[in-house]
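Participant: What follows is run.txt, compact mmCIF, C-alpha atoms.
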# COMPACT_ATOMS: atom_id res chain seq x y z
CA MET E 1 94.14 20.97 -94.78
CA SER E 2 95.86 23.45 -92.47
CA PHE E 3 98.04 20.58 -91.28
CA LEU E 4 99.16 20.05 -94.88
CA ASP E 5 100.19 23.73 -94.95
CA LEU E 6 103.14 22.63 -92.81
CA ASP E 7 104.62 21.82 -96.22
CA GLU E 8 108.24 20.57 -96.13
CA TRP E 9 108.26 20.55 -92.33
CA LEU E 10 106.02 17.47 -92.62
CA PHE E 11 109.14 15.56 -93.76
CA GLU E 12 110.97 16.76 -90.67
CA LEU E 13 107.99 15.71 -88.54
CA ALA E 14 107.85 12.30 -90.22
CA ARG E 15 111.41 11.61 -89.04
CA HIS E 16 110.28 11.92 -85.42
CA VAL E 17 106.82 10.36 -85.37
CA GLU E 18 104.98 7.28 -86.45
CA LEU E 19 101.41 7.94 -87.60
CA VAL E 20 99.31 5.23 -85.99
CA TYR E 21 95.76 6.49 -86.48
CA SER E 22 93.93 9.01 -88.64
CA PRO E 23 90.50 9.32 -90.22
CA LEU E 24 92.33 9.35 -93.56
CA ALA E 25 94.49 6.27 -92.92
CA ASP E 26 93.01 2.79 -93.24
CA ILE E 27 93.35 1.83 -89.59
CA LYS E 28 90.18 0.43 -88.05
CA ALA E 29 90.78 0.65 -84.32
CA TYR E 30 92.47 3.29 -82.18
CA PRO E 31 95.70 1.67 -80.95
CA GLU E 32 97.06 1.41 -77.39
CA HIS E 33 99.95 3.46 -75.94
CA VAL E 34 99.71 6.49 -78.21
CA ASP E 35 101.98 9.40 -77.30
CA VAL E 36 100.12 12.32 -78.85
CA ALA E 37 96.65 12.69 -80.37
CA LEU E 38 95.41 15.75 -82.24
CA VAL E 39 91.65 15.65 -81.75
CA GLU E 40 89.70 17.57 -84.34
CA GLY E 41 86.01 18.41 -84.01
CA ALA E 42 83.54 18.53 -81.14
CA VAL E 43 81.72 15.60 -79.55
CA ALA E 44 78.44 15.56 -81.44
CA ASN E 45 77.24 11.95 -81.66
CA ALA E 46 77.47 8.52 -80.01
CA ASP E 47 80.42 7.45 -82.17
CA ASN E 48 82.38 10.62 -81.27
CA LEU E 49 81.67 9.94 -77.60
CA HIS E 50 82.86 6.34 -77.77
CA LEU E 51 86.01 7.23 -79.72
CA ILE E 52 87.05 10.18 -77.54
CA ARG E 53 86.83 8.04 -74.39
CA GLN E 54 88.97 5.40 -76.07
CA VAL E 55 91.44 8.05 -77.25
CA ARG E 56 91.73 9.46 -73.74
CA GLU E 57 92.32 6.03 -72.22
CA ARG E 58 95.02 5.10 -74.70
CA THR E 59 96.82 8.45 -75.18
CA ARG E 60 99.38 10.30 -73.07
CA THR E 61 98.96 13.82 -74.50
CA LEU E 62 95.54 14.75 -75.85
CA ILE E 63 95.41 17.98 -77.83
CA ALA E 64 92.10 19.73 -78.58
CA PHE E 65 92.90 20.74 -82.13
CA GLY E 66 90.98 23.70 -83.54
CA ASP E 67 87.96 25.75 -82.45
CA CYS E 68 85.42 22.93 -82.91
CA ALA E 69 87.32 20.72 -80.45
CA VAL E 70 88.02 23.61 -78.06
CA THR E 71 84.63 25.40 -78.08
CA GLY E 72 82.12 23.46 -80.18
CA ASN E 73 82.29 26.34 -82.66
CA VAL E 74 79.99 26.18 -85.70
CA THR E 75 79.09 22.56 -85.00
CA ALA E 76 77.54 23.68 -81.69
CA LEU E 77 75.25 26.21 -83.39
CA ARG E 78 72.44 23.70 -83.00
CA ASN E 79 72.69 23.72 -79.20
CA PRO E 80 70.45 26.75 -78.55
CA LEU E 81 67.77 25.05 -80.65
CA GLY E 82 67.41 22.26 -78.10
CA ALA E 83 67.19 18.49 -78.55
CA PRO E 84 68.13 17.13 -82.01
CA GLY E 85 64.75 15.44 -82.62
CA PRO E 86 62.77 18.53 -83.66
CA ILE E 87 65.76 19.85 -85.65
CA LEU E 88 66.00 16.62 -87.67
CA GLN E 89 62.23 16.71 -88.18
CA THR E 90 62.44 20.26 -89.55
CA LEU E 91 65.45 19.65 -91.79
CA TYR E 92 64.81 16.15 -93.07
CA VAL E 93 61.00 16.03 -93.18
CA GLU E 94 59.30 19.44 -93.15
CA ARG E 95 61.78 21.18 -95.44
CA ALA E 96 62.60 18.17 -97.62
CA ASP E 97 62.27 18.75 -101.37
CA MET E 98 61.01 15.23 -101.96
CA SER E 99 59.51 12.65 -99.59
CA GLY E 100 61.65 13.28 -96.55
CA GLN E 101 62.59 10.91 -93.78
CA ILE E 102 64.90 11.05 -90.79
CA PRO E 103 68.01 8.89 -91.41
CA ASP E 104 67.65 5.80 -89.25
CA ALA E 105 70.29 3.09 -89.58
CA PRO E 106 71.39 1.77 -86.17
CA GLY E 107 75.05 0.79 -86.21
CA ILE E 108 75.72 2.87 -89.33
CA VAL E 109 74.40 6.38 -88.69
CA PRO E 110 75.29 7.29 -85.10
CA ALA E 111 72.66 8.96 -82.91
CA LEU E 112 73.19 12.66 -82.21
CA LEU E 113 73.86 13.70 -78.63
CA GLY E 114 71.47 16.15 -76.97
CA ARG E 115 74.15 18.82 -77.13
CA VAL E 116 77.38 19.24 -79.05
CA LEU E 117 80.18 19.37 -76.47
CA PRO E 118 83.75 20.68 -76.56
CA VAL E 119 86.24 17.85 -75.99
CA HIS E 120 87.24 19.04 -72.52
CA ALA E 121 83.61 18.80 -71.38
CA VAL E 122 83.84 15.03 -71.89
CA VAL E 123 87.44 14.00 -71.11
CA PRO E 124 90.48 15.81 -69.66
CA VAL E 125 92.49 17.69 -72.30
CA ASP E 126 96.23 18.34 -72.01
CA LEU E 127 96.70 21.13 -74.54
CA TYR E 128 94.41 23.54 -76.41
CA LEU E 129 95.18 24.67 -79.92
CA PRO E 130 92.49 27.19 -80.93
CA GLY E 131 91.94 28.53 -84.43
CA CYS E 132 89.54 27.94 -87.27
CA PRO E 133 91.65 26.37 -88.58
CA PRO E 134 94.79 26.63 -86.43
CA PRO E 135 97.33 28.19 -88.82
CA ALA E 136 100.30 25.98 -89.78
CA PRO E 137 102.88 28.01 -87.79
CA ARG E 138 100.73 27.53 -84.68
CA ILE E 139 100.53 23.76 -85.23
CA ARG E 140 104.26 23.62 -85.80
CA ALA E 141 105.03 25.67 -82.66
CA ALA E 142 102.94 23.28 -80.55
CA LEU E 143 104.35 20.10 -82.08
CA GLU E 144 107.94 21.33 -81.83
CA GLN E 145 107.47 22.04 -78.14
CA ILE E 146 105.92 18.61 -77.61
CA LEU E 147 108.76 16.90 -79.49
CA ALA E 148 111.27 18.82 -77.38
CA GLY E 149 109.57 17.53 -74.22
CA GLY E 150 108.81 19.71 -71.20
CA GLU E 151 105.96 22.13 -70.71
CA VAL E 152 104.20 23.56 -73.75
CA LEU E 153 103.57 27.32 -73.66
CA LEU E 154 101.31 28.98 -76.20
CA ALA E 155 100.57 32.68 -75.78
CA GLY E 156 99.76 35.73 -77.86
CA ARG E 157 97.68 36.45 -80.94
CA GLU E 158 99.64 34.14 -83.23
CA MET E 159 99.13 31.18 -80.88
CA ILE E 160 95.73 31.36 -79.15
CA LYS E 161 93.39 33.58 -81.19
CA PHE E 162 90.02 31.95 -81.80
CA GLY E 163 88.38 32.14 -85.21
CA MET O 164 93.45 71.74 -60.12
CA ALA O 165 95.28 70.10 -57.25
CA ALA O 166 97.72 67.31 -57.97
CA ARG O 167 97.48 63.92 -56.31
CA THR O 168 100.59 61.83 -55.88
CA PHE O 169 100.23 58.09 -55.36
CA THR O 170 101.67 54.72 -56.36
CA ILE O 171 100.70 52.30 -59.13
CA ASN O 172 102.63 49.02 -59.28
CA ASP O 173 105.47 50.46 -57.16
CA GLN O 174 105.78 53.40 -59.55
CA LEU O 175 105.25 56.90 -58.16
CA VAL O 176 102.68 58.70 -60.34
CA SER O 177 100.75 61.94 -60.21
CA GLY O 178 97.19 62.59 -61.24
CA ARG O 179 94.77 65.48 -61.03
CA GLU O 180 92.13 65.84 -58.37
CA GLY O 181 88.88 64.20 -59.55
CA GLU O 182 90.67 62.03 -62.07
CA THR O 183 90.08 58.27 -62.10
CA ILE O 184 92.75 55.66 -61.49
CA LEU O 185 92.30 54.51 -65.11
CA GLU O 186 92.94 58.00 -66.51
CA ALA O 187 95.98 58.53 -64.29
CA ALA O 188 97.35 55.08 -65.18
CA ARG O 189 97.01 55.75 -68.91
CA GLU O 190 98.68 59.15 -68.62
CA ASN O 191 101.58 57.36 -66.97
CA GLY O 192 101.74 54.62 -69.58
CA ILE O 193 100.35 51.90 -67.32
CA TYR O 194 97.95 49.49 -69.03
CA ILE O 195 94.73 48.46 -67.33
CA PRO O 196 92.41 46.25 -69.42
CA THR O 197 88.92 47.62 -70.08
CA LEU O 198 85.85 46.53 -72.00
CA CYS O 199 82.80 48.63 -71.07
CA HIS O 200 84.86 51.82 -70.79
CA LEU O 201 84.66 54.07 -73.83
CA ASP O 202 86.47 57.40 -74.06
CA GLY O 203 83.93 60.16 -74.62
CA VAL O 204 81.06 58.74 -72.55
CA THR O 205 80.41 58.22 -68.83
CA SER O 206 82.06 55.22 -67.20
CA VAL O 207 79.80 52.75 -65.42
CA GLY O 208 82.16 50.08 -64.06
CA ALA O 209 79.97 47.31 -65.48
CA CYS O 210 82.41 44.78 -66.92
CA ARG O 211 84.85 44.60 -63.96
CA MET O 212 87.86 44.07 -66.26
CA CYS O 213 89.58 47.14 -64.79
CA LEU O 214 89.34 45.99 -61.18
CA VAL O 215 92.45 46.96 -59.22
CA GLU O 216 93.76 46.29 -55.73
CA ILE O 217 94.10 49.26 -53.41
CA GLU O 218 96.10 48.65 -50.25
CA GLY O 219 93.93 49.11 -47.17
CA SER O 220 90.73 48.56 -49.17
CA ARG O 221 88.89 45.36 -48.39
CA THR O 222 87.31 45.17 -51.84
CA LEU O 223 88.65 45.41 -55.37
CA ARG O 224 87.73 48.67 -57.09
CA PRO O 225 86.95 49.40 -60.75
CA ALA O 226 89.69 51.78 -61.96
CA CYS O 227 87.37 53.52 -64.44
CA VAL O 228 85.10 54.98 -61.73
CA THR O 229 87.43 55.22 -58.72
CA GLN O 230 89.02 58.61 -58.12
CA VAL O 231 92.67 58.99 -57.21
CA VAL O 232 93.48 59.77 -53.59
CA GLU O 233 96.71 61.24 -52.28
CA GLY O 234 99.09 58.52 -51.13
CA MET O 235 96.99 55.55 -52.28
CA VAL O 236 98.87 52.37 -53.26
CA VAL O 237 97.36 50.66 -56.32
CA HIS O 238 98.20 47.31 -57.90
CA THR O 239 96.87 46.64 -61.39
CA ASP O 240 98.51 43.36 -62.39
CA THR O 241 98.56 40.84 -59.55
CA GLU O 242 98.01 37.09 -59.78
CA ARG O 243 94.61 37.52 -58.14
CA LEU O 244 93.51 40.18 -60.66
CA ARG O 245 94.77 38.19 -63.64
CA ASN O 246 92.80 35.20 -62.38
CA TYR O 247 89.58 37.24 -61.95
CA ARG O 248 89.99 38.87 -65.37
CA ARG O 249 90.34 35.50 -67.07
CA ILE O 250 87.23 34.26 -65.25
CA ILE O 251 85.29 37.36 -66.36
CA ILE O 252 86.28 36.86 -70.00
CA GLU O 253 85.50 33.14 -69.89
CA LEU O 254 82.08 33.84 -68.36
CA LEU O 255 81.35 36.36 -71.12
CA PHE O 256 82.20 33.73 -73.73
CA ALA O 257 80.10 31.11 -71.92
CA GLU O 258 77.12 33.43 -71.44
CA ARG O 259 76.22 33.98 -75.12
CA ASN O 260 77.03 32.28 -78.42
CA HIS O 261 80.35 33.82 -79.46
CA ILE O 262 81.54 32.00 -82.57
CA CYS O 263 84.64 33.91 -83.66
CA ALA O 264 85.06 31.86 -86.83
CA VAL O 265 81.83 33.21 -88.36
CA CYS O 266 81.73 36.64 -86.70
CA VAL O 267 81.81 39.94 -88.55
CA ALA O 268 84.24 41.29 -85.94
CA ASN O 269 86.72 38.38 -86.07
CA GLY O 270 90.21 39.90 -85.89
CA HIS O 271 88.89 43.33 -84.84
CA CYS O 272 87.05 42.45 -81.64
CA GLU O 273 87.77 43.84 -78.18
CA LEU O 274 86.45 40.69 -76.48
CA GLN O 275 88.68 38.52 -78.65
CA ASN O 276 91.67 40.80 -77.98
CA LEU O 277 91.10 40.62 -74.22
CA ALA O 278 90.89 36.81 -74.41
CA ILE O 279 94.27 36.74 -76.15
CA ALA O 280 95.81 39.22 -73.71
CA ILE O 281 94.59 37.26 -70.69
CA GLY O 282 95.83 33.96 -72.17
CA MET O 283 92.45 32.27 -72.62
CA ASP O 284 93.04 29.10 -74.67
CA HIS O 285 89.71 27.53 -73.65
CA VAL O 286 86.64 28.25 -71.52
CA ARG O 287 86.47 26.27 -68.26
CA PHE O 288 82.76 26.93 -67.69
CA ASP O 289 79.84 25.18 -69.34
CA TYR O 290 78.52 27.17 -72.27
CA ALA O 291 74.97 28.42 -71.67
CA PHE O 292 73.93 28.29 -75.36
CA PRO O 293 71.03 30.74 -74.84
CA VAL O 294 68.46 31.48 -77.50
CA CYS O 295 69.26 34.97 -78.80
CA GLU O 296 67.62 36.95 -81.56
CA VAL O 297 69.15 38.69 -84.53
CA ASP O 298 67.34 41.91 -85.50
CA ILE O 299 67.98 43.09 -89.05
CA SER O 300 64.80 45.17 -89.35
CA HIS O 301 66.86 48.37 -89.64
CA GLY O 302 67.81 49.29 -93.18
CA ARG O 303 71.52 49.83 -92.54
CA PHE O 304 72.45 48.14 -89.27
CA GLY O 305 71.76 44.89 -87.45
CA ILE O 306 72.03 43.66 -83.86
CA ASP O 307 73.01 40.08 -83.06
CA HIS O 308 72.32 39.43 -79.38
CA ASN O 309 74.43 36.26 -79.53
CA ARG O 310 77.49 38.50 -79.56
CA CYS O 311 76.38 41.18 -77.07
CA VAL O 312 78.33 41.47 -73.80
CA LEU O 313 75.93 44.06 -72.28
CA CYS O 314 78.71 46.64 -71.91
CA THR O 315 76.05 49.36 -72.57
CA ARG O 316 78.43 51.39 -74.72
CA CYS O 317 75.67 51.69 -77.36
CA VAL O 318 73.19 52.83 -74.70
CA ARG O 319 75.53 55.51 -73.37
CA VAL O 320 76.76 56.82 -76.71
CA CYS O 321 73.18 57.08 -78.01
CA ASP O 322 72.04 58.91 -74.89
CA GLU O 323 75.03 61.13 -74.18
CA VAL O 324 76.51 61.91 -77.58
CA GLU O 325 73.64 61.58 -80.04
CA GLY O 326 71.17 62.73 -77.33
CA VAL O 327 68.49 60.30 -78.43
CA HIS O 328 68.42 57.31 -76.03
CA THR O 329 67.06 54.84 -78.54
CA TRP O 330 69.00 52.06 -76.78
CA ASP O 331 68.40 50.77 -73.29
CA ILE O 332 68.51 47.53 -71.32
CA ALA O 333 65.48 45.33 -70.64
CA GLY O 334 65.26 42.16 -68.56
CA ARG O 335 67.43 40.98 -65.70
CA GLY O 336 70.36 38.59 -65.33
CA ALA O 337 70.72 36.12 -68.19
CA ASP O 338 67.55 37.53 -69.80
CA ALA O 339 68.95 41.05 -70.05
CA ARG O 340 69.03 42.42 -73.61
CA VAL O 341 69.84 45.77 -75.17
CA ILE O 342 66.64 47.09 -76.72
CA THR O 343 65.58 49.84 -79.10
CA ASP O 344 62.77 52.17 -78.01
CA MET O 345 60.06 50.18 -76.21
CA ARG O 346 61.61 46.83 -77.15
CA GLN O 347 60.32 47.05 -80.68
CA PRO O 348 62.27 46.04 -83.81
CA TRP O 349 65.11 48.48 -84.48
CA GLY O 350 63.68 49.27 -87.93
CA GLU O 351 60.44 50.43 -86.32
CA SER O 352 62.17 52.70 -83.81
CA THR O 353 60.90 56.26 -84.21
CA SER O 354 63.70 57.83 -82.15
CA CYS O 355 66.70 56.28 -83.96
CA THR O 356 68.44 58.80 -86.22
CA SER O 357 70.51 56.08 -87.95
CA CYS O 358 73.66 58.02 -86.95
CA GLY O 359 75.71 54.84 -86.49
CA LYS O 360 77.40 55.87 -83.23
CA CYS O 361 76.28 52.63 -81.57
CA LEU O 362 77.99 50.79 -84.42
CA LEU O 363 81.21 52.68 -83.71
CA ALA O 364 80.94 52.09 -79.98
CA CYS O 365 80.21 48.34 -80.01
CA PRO O 366 83.28 46.35 -78.86
CA THR O 367 82.19 43.06 -80.46
CA GLY O 368 80.28 42.03 -83.58
CA ALA O 369 76.90 42.55 -81.87
CA ILE O 370 76.03 45.75 -83.75
CA PHE O 371 77.09 45.48 -87.35
CA ARG O 372 76.68 47.09 -90.73
CA ARG O 373 74.22 45.10 -92.81
CA GLY O 374 75.97 43.26 -95.59
CA ALA O 375 79.22 42.90 -93.62
CA THR O 376 80.51 39.35 -93.59
CA VAL O 377 83.15 37.47 -91.57
CA SER O 378 85.98 39.71 -90.29
CA GLU O 379 84.69 42.73 -92.24
CA MET O 380 83.54 44.88 -89.31
CA GLU O 381 86.49 47.08 -88.54
CA ARG O 382 85.71 50.25 -86.64
CA ASP O 383 87.40 52.97 -84.69
CA PRO O 384 85.72 53.60 -81.31
CA THR O 385 88.13 56.51 -80.66
CA LYS O 386 85.97 58.46 -83.14
CA ILE O 387 83.42 58.88 -80.33
CA ALA O 388 85.93 60.74 -78.14
CA PHE O 389 86.93 62.75 -81.21
CA ILE O 390 83.33 63.86 -81.78
CA VAL O 391 82.92 64.79 -78.12
CA ALA O 392 86.19 66.75 -78.04
CA ALA O 393 85.35 68.57 -81.27
CA ARG O 394 82.00 69.69 -79.85
CA ASP O 395 83.61 70.89 -76.62
CA GLN O 396 85.90 73.13 -78.60
CA ARG O 397 83.14 74.51 -80.78
CA TRP O 398 80.57 75.27 -78.11
Would you put the structure from the file into structure tokens?
Facilitator:
Amino acid sequence: MSFLDLDEWLFELARHVELVYSPLADIKAYPEHVDVALVEGAVANADNLHLIRQVRERTRTLIAFGDCAVTGNVTALRNPLGAPGPILQTLYVERADMSGQIPDAPGIVPALLGRVLPVHAVVPVDLYLPGCPPPAPRIRAALEQILAGGEVLLAGREMIKFG
Amino acid sequence: MAARTFTINDQLVSGREGETILEAARENGIYIPTLCHLDGVTSVGACRMCLVEIEGSRTLRPACVTQVVEGMVVHTDTERLRNYRRIIIELLFAERNHICAVCVANGHCELQNLAIAIGMDHVRFDYAFPVCEVDISHGRFGIDHNRCVLCTRCVRVCDEVEGVHTWDIAGRGADARVITDMRQPWGESTSCTSCGKCLLACPTGAIFRRGATVSEMERDPTKIAFIVAARDQRW
């Protein structure tokens, strides 16, 4: 949603890039030889883990996009509670309004990892874009620098404040 | 009081005898980052953010508790110091569960401000994700240990300014926690006067006003020094 706040600059961006993969676009597999990937969210389950490794292999510049990707953020709140088993038991069975059961559909519902991890704890990350969400001017500043080539420098409250 | 002339960052400065490097630097408009320091209460040199290099000294020294010496040569902003300061801030973030996005102090937090100033765009250390309690047994205030950096500003302001010493530290290392009275719930503390000075002193969202939600805890820690100065003039 914050990305959409780029408003008319999205047209400018569209002149320079070709969108080859997105959770919102109907593209099944992550393609090869991608220049830049904005990775949103932490690594929380087996599917995330598989995809992020694929993304790293096939992408030149990997950007951890937003606090969840950079720190784990709210999605990592479960980490102090330990392994996911007892948490699922509490939420889906003990506190269920009606006959509760833990979702179990191998191949459809991915298994949770023991801990939610920030992206850079799993694969090397090239650029960090903190913020919850990163405000549009921050996204634009980063993308403009990437489009211009050369080293990307983000500093100061407007660029790297968490939260 | 005798004057002391010395150098900070190649700038000739003067301070008073008995003054700390931090005080002298501030009087001369030189910024040294601090976290556990709070004007109005005793400095303890706990957080190590204000470490400076002194030529001829083998070790780095905390500016908030090191007195000025005639002719000393101080550096406050070297590559080495910037590196250590970033490590300190990253370790503080990794040590507890600091989630800025849902914190009452988001946008008004000294830890967050230091992270920005030091250029922290991510934490290179593994997060510890410790189990920390939230105590909202007090009628007006709460303490969330997830956000505590153990600066002890609450402990010192309660002891030295309010004269009560409700707060203290219990445990060691990663198990250290600020506590009220004999580690009983804050609401059951018999010594707490509910003055709210700990709330004013807290640099993060650890001590908060009950009912405050995300980004709502704005406070002015300089009020503590104001109270202390006002008393000095009266008595």
Participant: I'd like to know which of O:Asp338, O:Glu379, O:Asp240, O:Glu218 is closest to O:Arg259, using all atoms listed in the file.
Facilitator: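 The shortest atom-to-atom distance to O:Arg259 comes from O:Asp338.
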Participant: Smallest atom-to-atom distance to chain E: which of O:Ala268, O:Ile332, O:Ile306, O:Ala187, using all atoms listed in the file?
Facilitator: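 So, comparing all the options, the nearest one is O:Ala268.
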Participant: Taking only C-alpha atoms into account, name the residue in O:His261, O:Arg221, O:Arg248, O:Arg211 that is nearest to chain E.
Facilitator: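 Under the stated criterion, the closest residue is O:His261.
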Participant: When the cut-off is 7 Å and we count all atoms listed in the file, which residues of chain E are near chain O, given as a list in words?
Facilitator: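 For chain E, the answer reads Val70, Asn73, Val74, Asn79, Pro80, Tyr128, Pro130, Cys132, Ala155, Gly156, Arg157, Ile160, Lys161, Phe162 and Gly163 of chain E.
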Participant: Give me the residues near O:Arg167 as an MDAnalysis selection string, where near means some atom within 10 Å (using only C-alpha atoms) and where sequence neighbours in that chain fewer than 3 positions away do not count.
Facilitator: chainID O and resid 164 176:182 187 231:235
Participant: Could you name the residues that touch E:Asp5 at 9 Å or less, counting all atoms listed in the file, but leaving out those on the same chain fewer than 6 positions away, as a list in words?
Facilitator: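 Listed by chain and then number, they are Pro135, Ala136 and Pro137 of chain E.
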Participant: Just the residues within 9 Å of stretch 367-372 of chain O, please, counting only C-alpha atoms, with nothing from its chain fewer than 3 positions along; format it as a list of chain:residue names.
Facilitator: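 Final neighbour list, sorted by chain and number: O:Cys266, O:Val267, O:Ala268, O:Asn269, O:His271, O:Cys272, O:Glu273, O:Leu274, O:Gln275, O:Arg303, O:Phe304, O:Gly305, O:Ile306, O:Asp307, O:His308, O:Asn309, O:Arg310, O:Cys311, O:Val312, O:Cys317, O:Gly359, O:Cys361, O:Leu362, O:Leu363, O:Ala364, O:Ala375, O:Met380.
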Participant: I'd like to know which of E:Val55, E:Val123, E:Ile102, E:Ala69 is closest to E:Tyr30, using all atoms listed in the file.
Facilitator: E:Val55
Participant: Pick out the closest residue to E:Leu51 from this set: E:Val17, E:Leu4, E:Ile108, E:Val119. Count only C-alpha atoms.
Facilitator: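 Of E:Val17, E:Leu4, E:Ile108, E:Val119, the one nearest E:Leu51 is E:Val119, counting only C-alpha atoms.
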Participant: Counting all atoms listed in the file, which residues come within 10 Å of (73.9, 57.8, -80.0), with the point read in the file's coordinates, and could you list them as a ChimeraX atom specification?
Facilitator: /O:316-330,355-364,387
Participant: With all atoms listed in the file as the counted atoms, please give the residues lying no more than 10 Å from E:Gln89, apart from itself and same-chain residues fewer than 5 positions off, as an NGL selection string.
Facilitator: :E and (84 or 94-96 or 100-102)
Participant: How about saving the chosen residues, C-alpha atoms kept, as an mmCIF file, in the frame of the given file?
Facilitator:
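Once everything was written out, this is selection_39.cif:
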data_model
loop_
_atom_site.group_PDB
_atom_site.id
_atom_site.type_symbol
_atom_site.label_atom_id
_atom_site.label_comp_id
_atom_site.auth_asym_id
_atom_site.auth_seq_id
_atom_site.Cartn_x
_atom_site.Cartn_y
_atom_site.Cartn_z
ATOM 1 C CA PRO E 84 68.130 17.130 -82.010
ATOM 2 C CA GLU E 94 59.300 19.440 -93.150
ATOM 3 C CA ARG E 95 61.780 21.180 -95.440
ATOM 4 C CA ALA E 96 62.600 18.170 -97.620
ATOM 5 C CA GLY E 100 61.650 13.280 -96.550
ATOM 6 C CA GLN E 101 62.590 10.910 -93.780
ATOM 7 C CA ILE E 102 64.900 11.050 -90.790
#
Participant: Would you mind reading off the distance between atom CA of E:Glu57 and atom CA of E:Pro124, one decimal, in Å?
Facilitator: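 One can read the atom CA of E:Glu57 to atom CA of E:Pro124 distance as 10.3 Å.
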Participant: Looking at only C-alpha atoms, which of E:Asp47, E:Asp97, E:Asp26, E:Glu40 is the one that sits closest to E:Thr71?
Facilitator: E:Glu40
Participant: Go ahead and find all residues with at least one atom no further than 10 Å from (78.3, 21.4, -84.0) in the file's coordinates, using all atoms listed in the file; report them as a PDB file with C-alpha atoms, in the coordinates of the input.
Facilitator:
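Wrote it out as result11.pdb, contents follow:
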ATOM      1  CA  GLY E  41      86.010  18.410 -84.010  1.00  0.00           C
ATOM      2  CA  ALA E  42      83.540  18.530 -81.140  1.00  0.00           C
ATOM      3  CA  VAL E  43      81.720  15.600 -79.550  1.00  0.00           C
ATOM      4  CA  ALA E  44      78.440  15.560 -81.440  1.00  0.00           C
ATOM      5  CA  ASN E  45      77.240  11.950 -81.660  1.00  0.00           C
ATOM      6  CA  CYS E  68      85.420  22.930 -82.910  1.00  0.00           C
ATOM      7  CA  ALA E  69      87.320  20.720 -80.450  1.00  0.00           C
ATOM      8  CA  THR E  71      84.630  25.400 -78.080  1.00  0.00           C
ATOM      9  CA  GLY E  72      82.120  23.460 -80.180  1.00  0.00           C
ATOM     10  CA  ASN E  73      82.290  26.340 -82.660  1.00  0.00           C
ATOM     11  CA  VAL E  74      79.990  26.180 -85.700  1.00  0.00           C
ATOM     12  CA  THR E  75      79.090  22.560 -85.000  1.00  0.00           C
ATOM     13  CA  ALA E  76      77.540  23.680 -81.690  1.00  0.00           C
ATOM     14  CA  LEU E  77      75.250  26.210 -83.390  1.00  0.00           C
ATOM     15  CA  ARG E  78      72.440  23.700 -83.000  1.00  0.00           C
ATOM     16  CA  ASN E  79      72.690  23.720 -79.200  1.00  0.00           C
ATOM     17  CA  ARG E 115      74.150  18.820 -77.130  1.00  0.00           C
ATOM     18  CA  VAL E 116      77.380  19.240 -79.050  1.00  0.00           C
ATOM     19  CA  LEU E 117      80.180  19.370 -76.470  1.00  0.00           C
ATOM     20  CA  PRO E 118      83.750  20.680 -76.560  1.00  0.00           C
TER      21      PRO E 118
END
Participant: Expressed in Å to a single decimal, how great is the separation between atom CA of E:Leu127 and atom CA of E:Ala64?
Facilitator: 6.3 Å
Participant: Expressed in Å to a single decimal, how great is the separation between atom CA of E:Leu147 and atom CA of E:Glu18?
Facilitator: 12.5 Å
